[in-house]
>>> print(open('my_file29.txt').read())   # compact mmCIF, C-alpha atoms and all ligand atoms
# COMPACT_ATOMS: atom_id res chain seq x y z
CA MET V 1 94.72 121.20 82.76
CA SER V 2 96.55 119.31 85.50
CA GLY V 3 99.57 120.93 87.09
CA LEU V 4 101.87 118.19 85.81
CA ARG V 5 100.56 118.45 82.25
CA GLY V 6 101.00 122.24 82.38
CA VAL V 7 104.63 121.86 83.42
CA MET V 8 105.26 119.30 80.66
CA LEU V 9 103.75 121.60 78.04
CA ALA V 10 105.80 124.54 79.30
CA LYS V 11 108.98 122.45 79.11
CA ALA V 12 108.12 121.31 75.58
CA ALA V 13 107.48 124.93 74.52
CA MET V 14 110.78 126.00 76.05
CA ARG V 15 112.60 123.26 74.11
CA ARG V 16 111.05 124.60 70.92
CA GLY V 17 112.18 128.11 71.82
CA ARG V 18 108.75 129.76 72.20
CA LEU V 19 109.44 130.94 75.72
CA LEU V 20 113.04 131.81 74.93
CA THR V 21 111.81 134.35 72.38
CA ARG V 22 110.11 136.18 75.20
CA ALA V 23 113.27 136.53 77.26
CA PHE V 24 114.03 139.94 75.75
CA THR V 25 110.67 140.94 74.24
CA SER V 26 107.05 141.18 75.38
CA ASN V 27 104.20 139.37 73.60
CA HIS V 28 103.31 142.55 71.64
CA PRO V 29 102.74 141.79 67.91
CA LYS V 30 106.02 142.00 66.03
CA PRO V 31 106.79 143.56 62.62
CA TYR V 32 109.01 140.51 61.85
CA THR V 33 108.68 136.76 61.96
CA VAL V 34 111.22 134.20 63.12
CA PRO V 35 111.14 130.41 63.24
CA GLU V 36 110.73 128.61 66.55
CA GLY V 37 113.77 127.32 68.41
CA SER V 38 117.06 128.78 69.54
CA TRP V 39 118.12 130.00 66.11
CA GLY V 40 114.85 131.91 65.74
CA SER V 41 115.14 133.42 69.22
CA ASN V 42 118.72 134.48 68.50
CA ARG V 43 117.56 135.98 65.19
CA ALA V 44 114.76 137.92 66.94
CA ALA V 45 117.25 139.38 69.41
CA ARG V 46 119.55 140.35 66.53
CA LEU V 47 116.70 142.05 64.63
CA GLU V 48 115.57 144.03 67.67
CA LEU V 49 119.10 145.01 68.67
CA ALA V 50 120.01 146.13 65.13
CA ALA V 51 116.79 148.20 65.06
CA ALA V 52 117.73 149.75 68.42
CA TYR V 53 121.18 150.80 67.10
CA ARG V 54 119.65 152.26 63.93
CA GLY V 55 116.75 153.86 65.80
CA LEU V 56 118.90 155.62 68.41
CA ASP V 57 121.26 156.78 65.64
CA HIS V 58 118.25 158.15 63.77
CA LEU V 59 117.22 160.03 66.93
CA GLY V 60 120.75 161.45 67.39
CA LEU V 61 121.31 159.75 70.74
CA ASN V 62 124.63 158.01 69.97
CA GLU V 63 128.14 159.46 69.76
CA GLY V 64 130.67 158.71 67.00
CA VAL V 65 131.25 154.95 66.81
CA SER V 66 131.27 154.72 70.61
CA ASN V 67 128.58 153.72 73.12
CA HIS V 68 127.02 150.26 73.09
CA LEU V 69 123.76 148.38 73.26
CA SER V 70 123.65 144.68 74.22
CA VAL V 71 121.16 141.84 74.60
CA MET V 72 121.55 138.47 76.29
CA ALA V 73 120.13 135.96 73.81
CA PRO V 74 119.94 132.20 73.32
CA ARG V 75 122.87 130.90 71.25
CA ALA V 76 122.03 130.44 67.58
CA ASP V 77 123.48 126.90 67.68
CA GLY V 78 121.27 125.92 70.63
CA GLY V 79 124.15 125.81 73.13
CA ASP V 80 123.25 125.99 76.81
CA GLU V 81 124.93 129.30 77.66
CA GLU V 82 123.42 132.58 76.44
CA VAL V 83 125.50 134.97 74.34
CA MET V 84 125.79 138.71 74.80
CA LEU V 85 125.04 140.29 71.42
CA VAL V 86 126.78 143.62 70.78
CA PHE V 87 128.19 145.46 67.76
CA PRO V 88 131.85 144.96 66.76
CA GLU V 89 134.40 147.75 67.19
CA GLY V 90 134.66 150.32 64.42
CA LEU V 91 131.22 150.03 62.82
CA HIS V 92 128.96 153.05 62.72
CA TRP V 93 125.53 152.43 64.28
CA ARG V 94 124.07 153.14 60.81
CA GLU V 95 126.03 150.10 59.54
CA VAL V 96 124.80 147.63 62.17
CA THR V 97 122.76 144.73 60.79
CA ALA V 98 121.20 141.70 62.44
CA SER V 99 123.97 139.49 61.04
CA ASN V 100 127.07 141.59 61.79
CA LEU V 101 126.41 141.72 65.55
CA VAL V 102 128.83 139.52 67.49
CA GLY V 103 128.01 137.16 70.33
CA LEU V 104 130.29 136.99 73.38
CA ASP V 105 130.41 134.26 76.02
CA SER V 106 130.68 135.10 79.72
CA GLU V 107 134.49 135.40 79.41
CA ALA V 108 134.15 138.04 76.65
CA LYS V 109 135.29 135.60 73.95
CA THR V 110 133.59 135.95 70.55
CA VAL V 111 131.58 132.78 69.91
CA GLU V 112 129.22 134.11 67.22
CA GLY V 113 130.28 136.25 64.24
CA GLU V 114 133.58 137.93 63.50
CA GLY V 115 135.44 140.66 65.36
CA SER V 116 135.03 141.85 68.91
CA PRO V 117 133.55 144.90 70.62
CA GLU V 118 135.53 147.82 71.95
CA THR V 119 136.97 146.97 75.40
CA THR V 120 134.65 149.17 77.45
CA ALA V 121 131.60 147.35 75.97
CA SER V 122 132.73 144.07 77.52
CA CYS V 123 133.73 145.72 80.81
CA ILE V 124 130.48 147.64 81.34
CA HIS V 125 127.91 145.38 79.71
CA LEU V 126 129.10 141.90 80.71
CA SER V 127 129.46 143.05 84.32
CA ILE V 128 125.94 144.48 84.45
CA HIS V 129 124.41 141.45 82.71
CA LYS V 130 126.12 139.19 85.26
CA MET V 131 124.90 141.21 88.24
CA ARG V 132 121.37 141.87 86.87
CA PRO V 133 120.64 138.62 84.95
CA GLU V 134 116.90 139.33 84.78
CA THR V 135 117.38 142.51 82.76
CA LYS V 136 118.58 140.94 79.44
CA VAL V 137 119.13 144.37 77.82
CA VAL V 138 121.74 147.05 78.61
CA MET V 139 122.03 150.30 76.65
CA HIS V 140 124.75 152.89 77.24
CA THR V 141 124.86 156.25 75.48
CA HIS V 142 126.30 159.76 75.79
CA GLN V 143 123.02 161.31 74.57
CA PRO V 144 123.28 165.11 74.55
CA TYR V 145 120.80 166.51 77.08
CA VAL V 146 121.14 163.70 79.62
CA THR V 147 124.93 163.94 79.38
CA ALA V 148 124.84 167.73 79.72
CA LEU V 149 122.68 167.31 82.84
CA ALA V 150 125.24 164.76 84.15
CA CYS V 151 127.91 167.47 83.91
CA LEU V 152 126.18 169.59 86.58
CA GLU V 153 127.03 169.38 90.25
CA ASP V 154 123.38 168.50 90.99
CA PHE V 155 122.37 166.20 88.11
CA GLU V 156 119.07 164.81 89.34
CA ILE V 157 116.08 164.38 87.06
CA ARG V 158 113.59 166.74 88.74
CA PRO V 159 109.81 166.15 88.52
CA VAL V 160 109.16 169.24 86.44
CA HIS V 161 107.31 167.76 83.47
CA GLN V 162 105.02 164.83 82.69
CA ASN V 163 107.93 163.07 80.92
CA SER V 164 110.04 163.33 84.08
CA LEU V 165 107.45 161.68 86.31
CA ARG V 166 107.83 158.26 84.67
CA PHE V 167 111.38 158.12 86.07
CA TRP V 168 110.31 158.67 89.65
CA ASN V 169 112.13 156.12 91.84
CA ARG V 170 113.69 154.39 88.80
CA VAL V 171 116.98 156.29 88.53
CA ALA V 172 120.29 155.72 90.34
CA TYR V 173 123.08 158.30 90.35
CA ASP V 174 126.83 157.69 90.17
CA PRO V 175 128.49 160.95 91.23
CA SER V 176 132.09 159.68 91.13
CA TYR V 177 133.49 159.44 87.62
CA GLN V 178 136.44 157.00 87.60
CA GLY V 179 137.82 157.46 84.06
CA VAL V 180 137.16 155.36 80.93
CA ALA V 181 135.91 151.87 81.90
CA TYR V 182 138.83 149.66 80.83
CA ALA V 183 138.36 147.09 83.62
CA PHE V 184 135.59 144.71 84.65
CA GLU V 185 135.85 146.14 88.17
CA GLU V 186 134.55 149.49 86.87
CA GLY V 187 131.54 147.78 85.28
CA GLU V 188 130.90 145.94 88.55
CA ARG V 189 131.12 149.22 90.48
CA MET V 190 128.53 150.76 88.14
CA ALA V 191 126.27 147.71 88.52
CA ARG V 192 126.44 147.97 92.32
CA ILE V 193 125.39 151.64 92.21
CA LEU V 194 122.62 150.82 89.73
CA GLY V 195 121.25 148.35 92.29
CA ASN V 196 117.68 147.42 91.39
CA LYS V 197 116.97 150.62 89.40
CA GLU V 198 116.51 150.80 85.62
CA ILE V 199 118.53 153.92 84.82
CA LEU V 200 122.02 154.91 85.97
CA LEU V 201 123.11 158.51 85.40
CA LEU V 202 126.91 158.64 85.24
CA ALA V 203 128.39 161.99 86.30
CA ASN V 204 130.70 163.53 83.68
CA HIS V 205 129.94 160.63 81.34
CA GLY V 206 126.42 159.58 80.20
CA VAL V 207 123.68 157.10 80.99
CA ILE V 208 122.93 153.37 81.24
CA SER V 209 119.43 151.95 80.72
CA VAL V 210 118.64 148.34 81.66
CA ALA V 211 115.38 146.49 81.05
CA SER V 212 113.96 143.05 80.48
CA THR V 213 113.00 144.03 76.91
CA VAL V 214 114.75 145.88 74.09
CA SER V 215 111.71 148.12 73.64
CA MET V 216 111.68 149.26 77.28
CA ALA V 217 115.43 150.04 77.42
CA PHE V 218 115.06 151.95 74.14
CA GLU V 219 111.98 153.92 75.16
CA ASN V 220 113.50 154.83 78.53
CA LEU V 221 116.51 156.39 76.76
CA TYR V 222 114.23 158.35 74.43
CA PHE V 223 112.02 159.76 77.17
CA LEU V 224 114.93 160.38 79.53
CA GLU V 225 116.46 162.56 76.82
CA ARG V 226 113.17 164.44 76.43
CA ALA V 227 112.85 164.87 80.20
CA ALA V 228 116.44 166.15 80.46
CA MET V 229 115.91 168.49 77.51
CA VAL V 230 112.82 170.08 79.04
CA GLN V 231 114.51 170.36 82.43
CA MET V 232 117.66 171.97 80.97
CA LEU V 233 115.62 174.42 78.88
CA ALA V 234 113.59 175.37 81.95
CA MET V 235 116.78 175.72 84.02
CA ALA V 236 118.30 177.95 81.32
CA THR V 237 115.70 180.63 82.17
CA GLN V 238 117.28 180.80 85.66
CA LYS V 239 113.75 181.06 87.06
CA LYS V 240 112.54 178.81 89.88
CA LEU V 241 111.42 175.34 88.68
CA ARG V 242 107.82 174.35 89.32
CA GLU V 243 107.95 170.78 90.63
CA VAL V 244 104.98 168.37 90.60
CA PRO V 245 103.95 167.52 94.19
CA GLU V 246 105.03 164.04 95.32
CA GLU V 247 101.46 162.97 96.16
CA VAL V 248 100.47 163.52 92.52
CA ILE V 249 103.41 161.39 91.34
CA ARG V 250 102.67 158.66 93.91
CA ALA V 251 99.06 158.49 92.74
CA MET V 252 99.99 158.39 89.05
CA ALA V 253 103.02 156.07 89.06
CA PRO V 254 101.27 152.68 89.50
CA HIS V 255 98.82 153.47 86.68
CA TYR V 256 101.64 154.48 84.40
CA MET V 257 103.81 151.46 85.23
CA LYS V 258 100.92 149.09 84.40
CA ARG V 259 100.95 150.42 80.85
CA ALA V 260 104.70 151.11 80.56
CA GLN V 261 105.66 148.00 78.56
CA ASN V 262 102.83 148.61 76.11
CA TYR V 263 103.87 152.25 75.60
CA ALA V 264 107.46 151.11 75.06
CA ASP V 265 106.40 148.51 72.49
CA ASP V 266 104.23 151.01 70.62
CA LEU V 267 107.16 153.42 70.19
CA PHE V 268 109.88 150.84 69.49
CA TYR V 269 107.94 148.85 66.89
CA ALA V 270 106.75 152.08 65.21
CA ILE V 271 110.43 153.06 64.84
CA TYR V 272 111.15 149.49 63.67
CA ARG V 273 108.53 149.80 60.91
CA LEU V 274 109.93 153.20 59.81
CA LEU V 275 113.40 151.64 59.59
CA GLN V 276 111.99 148.81 57.47
CA GLN V 277 110.94 151.55 55.01
CA SER V 278 113.97 153.83 55.18
CA GLN V 279 116.89 151.48 56.02
CA PRO V 280 115.70 147.92 55.24
CA ASP V 281 119.27 146.56 55.18
CA PHE V 282 119.32 146.49 59.02
CA GLU V 283 117.39 143.21 58.90
CA LYS V 284 120.08 141.50 56.78
ZN ZN I 1 130.52 155.80 77.79
>>> encode(input="my_file29.txt", output="structure tokens", more="lines below")
Ligand SMILES: [Zn+2]
Amino acid sequence: MSGLRGVMLAKAAMRRGRLLTRAFTSNHPKPYTVPEGSWGSNRAARLELAAAYRGLDHLGLNEGVSNHLSVMAPRADGGDEEVMLVFPEGLHWREVTASNLVGLDSEAKTVEGEGSPETTASCIHLSIHKMRPETKVVMHTHQPYVTALACLEDFEIRPVHQNSLRFWNRVAYDPSYQGVAYAFEEGERMARILGNKEILLLANHGVISVASTVSMAFENLYFLERAAMVQMLAMATQKKLREVPEEVIRAMAPHYMKRAQNYADDLFYAIYRLLQQSQPDFEK
């Protein structure tokens, strides 16, 4: 195929929405189908995001009706600007469906659906999406073990277990809690500390996970919780921690990262299929 013909085909596919669908997912087989085009891509993002809310609720990683998950998705009406999909204020995560998510423009105005998110969702998520446009997905929780770890003076994830090693060099730490994030400046401050990492541990607060796919952001939160749980249980013995030598981690990390998206897809779409059985209304 000539270079020019390849470019033309890619542009045609993008117009039909095929490539847009991949902006927040991998090409792993999906347990759902959507039509081509912007509406279908928007629908896919809504399905995955609703499954993420339900899945993290099922795993006990959310808190009350707080915390937020968001995805940058093509607009359902085919408009040029993407929308940030997020759940509206007051819903429980167990009540989130693909259709009751709202879409915000870059000024935090609701342009899809009814209602608006709680203020901190706009301040944290829109700021991070703007400063890390390649990530597409931002998830913020106060999940128990990670948050308990973040309440310690030294709140680093230590390489004490196989689950911890996957986070080597991928975590940023914000040691200076500034109060509830009611201003865009606070979201921008968090985004600056996050830098090019995928996880931000927020002292006295919780955690933020960013990724280019919903499955990866989701899986990172799950395994970070497991890593923090094992670390905290080990620390509770007050015995000396046995850390994995750095040369072992350095040797393993590239092999793990090559498979990371596939592992994330396997977990996320397994949870998705379980939700289709136990809570099928999330796809409404
Ligand atoms: Zn929070």
>>> residues_near_ligand(input="my_file29.txt", ligand="ligand ZN 1 (chain I)", cutoff="7 Å", atoms="all atoms listed in the file", output="list in words")
Asn67, His140, Thr141, His142, His205 and Gly206 of chain V
>>> axis_aligned_box(input="my_file29.txt", around="stretch 222-234 of chain V", padding_each_side="8 Å", output="lines of an AutoDock Vina configuration file")
center_x = 114.8
center_y = 166.9
center_z = 78.4
size_x = 21.6
size_y = 33.0
size_z = 24.0
>>> closest_residue(input="my_file29.txt", among="V:Val160, V:Ile128, V:Leu165, V:Val102", to="V:Tyr256", atoms="only C-alpha atoms")
V:Leu165
>>> closest_residue(input="my_file29.txt", among="V:Ser70, V:Asn100, V:Asn220, V:Asn62", to="V:Tyr263", atoms="all atoms listed in the file")
V:Asn220
>>> closest_residue(input="my_file29.txt", among="V:Met216, V:Ala227, V:Glu156, V:Leu233", to="V:Arg259", atoms="only C-alpha atoms")
V:Met216
>>> residues_around(input="my_file29.txt", residues="V:Met131", least_positions_apart="4", cutoff="8 Å", atoms="all atoms listed in the file", output="MDAnalysis selection string")
chainID V and resid 127 188 191
>>> residues_near_point(input="my_file29.txt", point="(122.9, 152.3, 85.3)", cutoff="12 Å", atoms="only C-alpha atoms", output="VMD selection string")
chain V and resid 124 to 125 127 to 129 131 to 132 135 137 to 141 170 to 175 187 to 203 205 to 211 217 220 to 221
>>> write_last_selection(input="my_file29.txt", atoms="C-alpha atoms", output="mmCIF file, in the coordinates of the input")
data_model
loop_
_atom_site.group_PDB
_atom_site.id
_atom_site.type_symbol
_atom_site.label_atom_id
_atom_site.label_comp_id
_atom_site.auth_asym_id
_atom_site.auth_seq_id
_atom_site.Cartn_x
_atom_site.Cartn_y
_atom_site.Cartn_z
ATOM 1 C CA ILE V 124 130.480 147.640 81.340
ATOM 2 C CA HIS V 125 127.910 145.380 79.710
ATOM 3 C CA SER V 127 129.460 143.050 84.320
ATOM 4 C CA ILE V 128 125.940 144.480 84.450
ATOM 5 C CA HIS V 129 124.410 141.450 82.710
ATOM 6 C CA MET V 131 124.900 141.210 88.240
ATOM 7 C CA ARG V 132 121.370 141.870 86.870
ATOM 8 C CA THR V 135 117.380 142.510 82.760
ATOM 9 C CA VAL V 137 119.130 144.370 77.820
ATOM 10 C CA VAL V 138 121.740 147.050 78.610
ATOM 11 C CA MET V 139 122.030 150.300 76.650
ATOM 12 C CA HIS V 140 124.750 152.890 77.240
ATOM 13 C CA THR V 141 124.860 156.250 75.480
ATOM 14 C CA ARG V 170 113.690 154.390 88.800
ATOM 15 C CA VAL V 171 116.980 156.290 88.530
ATOM 16 C CA ALA V 172 120.290 155.720 90.340
ATOM 17 C CA TYR V 173 123.080 158.300 90.350
ATOM 18 C CA ASP V 174 126.830 157.690 90.170
ATOM 19 C CA PRO V 175 128.490 160.950 91.230
ATOM 20 C CA GLY V 187 131.540 147.780 85.280
ATOM 21 C CA GLU V 188 130.900 145.940 88.550
ATOM 22 C CA ARG V 189 131.120 149.220 90.480
ATOM 23 C CA MET V 190 128.530 150.760 88.140
ATOM 24 C CA ALA V 191 126.270 147.710 88.520
ATOM 25 C CA ARG V 192 126.440 147.970 92.320
ATOM 26 C CA ILE V 193 125.390 151.640 92.210
ATOM 27 C CA LEU V 194 122.620 150.820 89.730
ATOM 28 C CA GLY V 195 121.250 148.350 92.290
ATOM 29 C CA ASN V 196 117.680 147.420 91.390
ATOM 30 C CA LYS V 197 116.970 150.620 89.400
ATOM 31 C CA GLU V 198 116.510 150.800 85.620
ATOM 32 C CA ILE V 199 118.530 153.920 84.820
ATOM 33 C CA LEU V 200 122.020 154.910 85.970
ATOM 34 C CA LEU V 201 123.110 158.510 85.400
ATOM 35 C CA LEU V 202 126.910 158.640 85.240
ATOM 36 C CA ALA V 203 128.390 161.990 86.300
ATOM 37 C CA HIS V 205 129.940 160.630 81.340
ATOM 38 C CA GLY V 206 126.420 159.580 80.200
ATOM 39 C CA VAL V 207 123.680 157.100 80.990
ATOM 40 C CA ILE V 208 122.930 153.370 81.240
ATOM 41 C CA SER V 209 119.430 151.950 80.720
ATOM 42 C CA VAL V 210 118.640 148.340 81.660
ATOM 43 C CA ALA V 211 115.380 146.490 81.050
ATOM 44 C CA ALA V 217 115.430 150.040 77.420
ATOM 45 C CA ASN V 220 113.500 154.830 78.530
ATOM 46 C CA LEU V 221 116.510 156.390 76.760
#
>>> closest_residue(input="my_file29.txt", among="V:Glu36, V:Glu118, V:Glu107, V:Asp57", to="V:Pro74", atoms="only C-alpha atoms")
V:Glu36
>>> closest_residue(input="my_file29.txt", among="V:Arg226, V:Lys284, V:Arg242, V:His58", to="V:Tyr145", atoms="only C-alpha atoms")
V:Arg226
>>> closest_residue(input="my_file29.txt", among="V:Met235, V:Ala121, V:Ala260, V:Leu152", to="V:Tyr182", atoms="all atoms listed in the file")
V:Ala121
>>> residues_around(input="my_file29.txt", residues="V:Ala76", least_positions_apart="5", cutoff="10 Å", atoms="all atoms listed in the file", output="VMD selection string")
chain V and resid 37 to 43 82 to 83 103 112
>>> atom_distance(input="my_file29.txt", atom1="atom CA of V:Leu47", atom2="atom CA of V:Met257")
26.1 Å
>>> atom_distance(input="my_file29.txt", atom1="atom CA of V:Leu241", atom2="atom CA of V:Arg158")
8.9 Å
>>> atom_distance(input="my_file29.txt", atom1="atom CA of V:Thr25", atom2="atom CA of V:Ser116")
25.0 Å
>>> residues_around(input="my_file29.txt", residues="V:Tyr53", least_positions_apart="3", cutoff="7 Å", atoms="all atoms listed in the file", output="list in words")
Leu49, Ala50, Leu56, Asp57, Trp93 and Val96 of chain V
>>> build_atoms(input="my_file29.txt", residues="stretch 221-233 of chain V", atoms="N, CA and C atoms", output="PDB file, keeping the file's coordinate frame")
ATOM      1  N   LEU V 221     115.474 155.444  77.204  1.00  0.00           N
ATOM      2  CA  LEU V 221     116.510 156.390  76.760  1.00  0.00           C
ATOM      3  C   LEU V 221     115.866 157.572  76.030  1.00  0.00           C
ATOM      4  N   TYR V 222     114.887 157.272  75.181  1.00  0.00           N
ATOM      5  CA  TYR V 222     114.230 158.350  74.430  1.00  0.00           C
ATOM      6  C   TYR V 222     113.562 159.343  75.379  1.00  0.00           C
ATOM      7  N   PHE V 223     112.758 158.832  76.310  1.00  0.00           N
ATOM      8  CA  PHE V 223     112.020 159.760  77.170  1.00  0.00           C
ATOM      9  C   PHE V 223     112.903 160.399  78.234  1.00  0.00           C
ATOM     10  N   LEU V 224     113.982 159.735  78.613  1.00  0.00           N
ATOM     11  CA  LEU V 224     114.930 160.380  79.530  1.00  0.00           C
ATOM     12  C   LEU V 224     115.567 161.592  78.850  1.00  0.00           C
ATOM     13  N   GLU V 225     115.888 161.431  77.571  1.00  0.00           N
ATOM     14  CA  GLU V 225     116.460 162.560  76.820  1.00  0.00           C
ATOM     15  C   GLU V 225     115.464 163.717  76.747  1.00  0.00           C
ATOM     16  N   ARG V 226     114.192 163.388  76.493  1.00  0.00           N
ATOM     17  CA  ARG V 226     113.170 164.440  76.430  1.00  0.00           C
ATOM     18  C   ARG V 226     113.000 165.111  77.789  1.00  0.00           C
ATOM     19  N   ALA V 227     113.009 164.309  78.849  1.00  0.00           N
ATOM     20  CA  ALA V 227     112.850 164.870  80.200  1.00  0.00           C
ATOM     21  C   ALA V 227     114.033 165.791  80.523  1.00  0.00           C
ATOM     22  N   ALA V 228     115.246 165.340  80.183  1.00  0.00           N
ATOM     23  CA  ALA V 228     116.440 166.150  80.460  1.00  0.00           C
ATOM     24  C   ALA V 228     116.422 167.423  79.633  1.00  0.00           C
ATOM     25  N   MET V 229     115.963 167.309  78.388  1.00  0.00           N
ATOM     26  CA  MET V 229     115.910 168.490  77.510  1.00  0.00           C
ATOM     27  C   MET V 229     114.972 169.547  78.089  1.00  0.00           C
ATOM     28  N   VAL V 230     113.786 169.123  78.477  1.00  0.00           N
ATOM     29  CA  VAL V 230     112.820 170.080  79.040  1.00  0.00           C
ATOM     30  C   VAL V 230     113.358 170.699  80.321  1.00  0.00           C
ATOM     31  N   GLN V 231     113.967 169.862  81.170  1.00  0.00           N
ATOM     32  CA  GLN V 231     114.510 170.360  82.430  1.00  0.00           C
ATOM     33  C   GLN V 231     115.620 171.387  82.181  1.00  0.00           C
ATOM     34  N   MET V 232     116.533 171.062  81.247  1.00  0.00           N
ATOM     35  CA  MET V 232     117.660 171.970  80.970  1.00  0.00           C
ATOM     36  C   MET V 232     117.167 173.282  80.361  1.00  0.00           C
ATOM     37  N   LEU V 233     116.164 173.201  79.467  1.00  0.00           N
ATOM     38  CA  LEU V 233     115.620 174.420  78.880  1.00  0.00           C
ATOM     39  C   LEU V 233     114.954 175.276  79.941  1.00  0.00           C
TER      40      LEU V 233
END
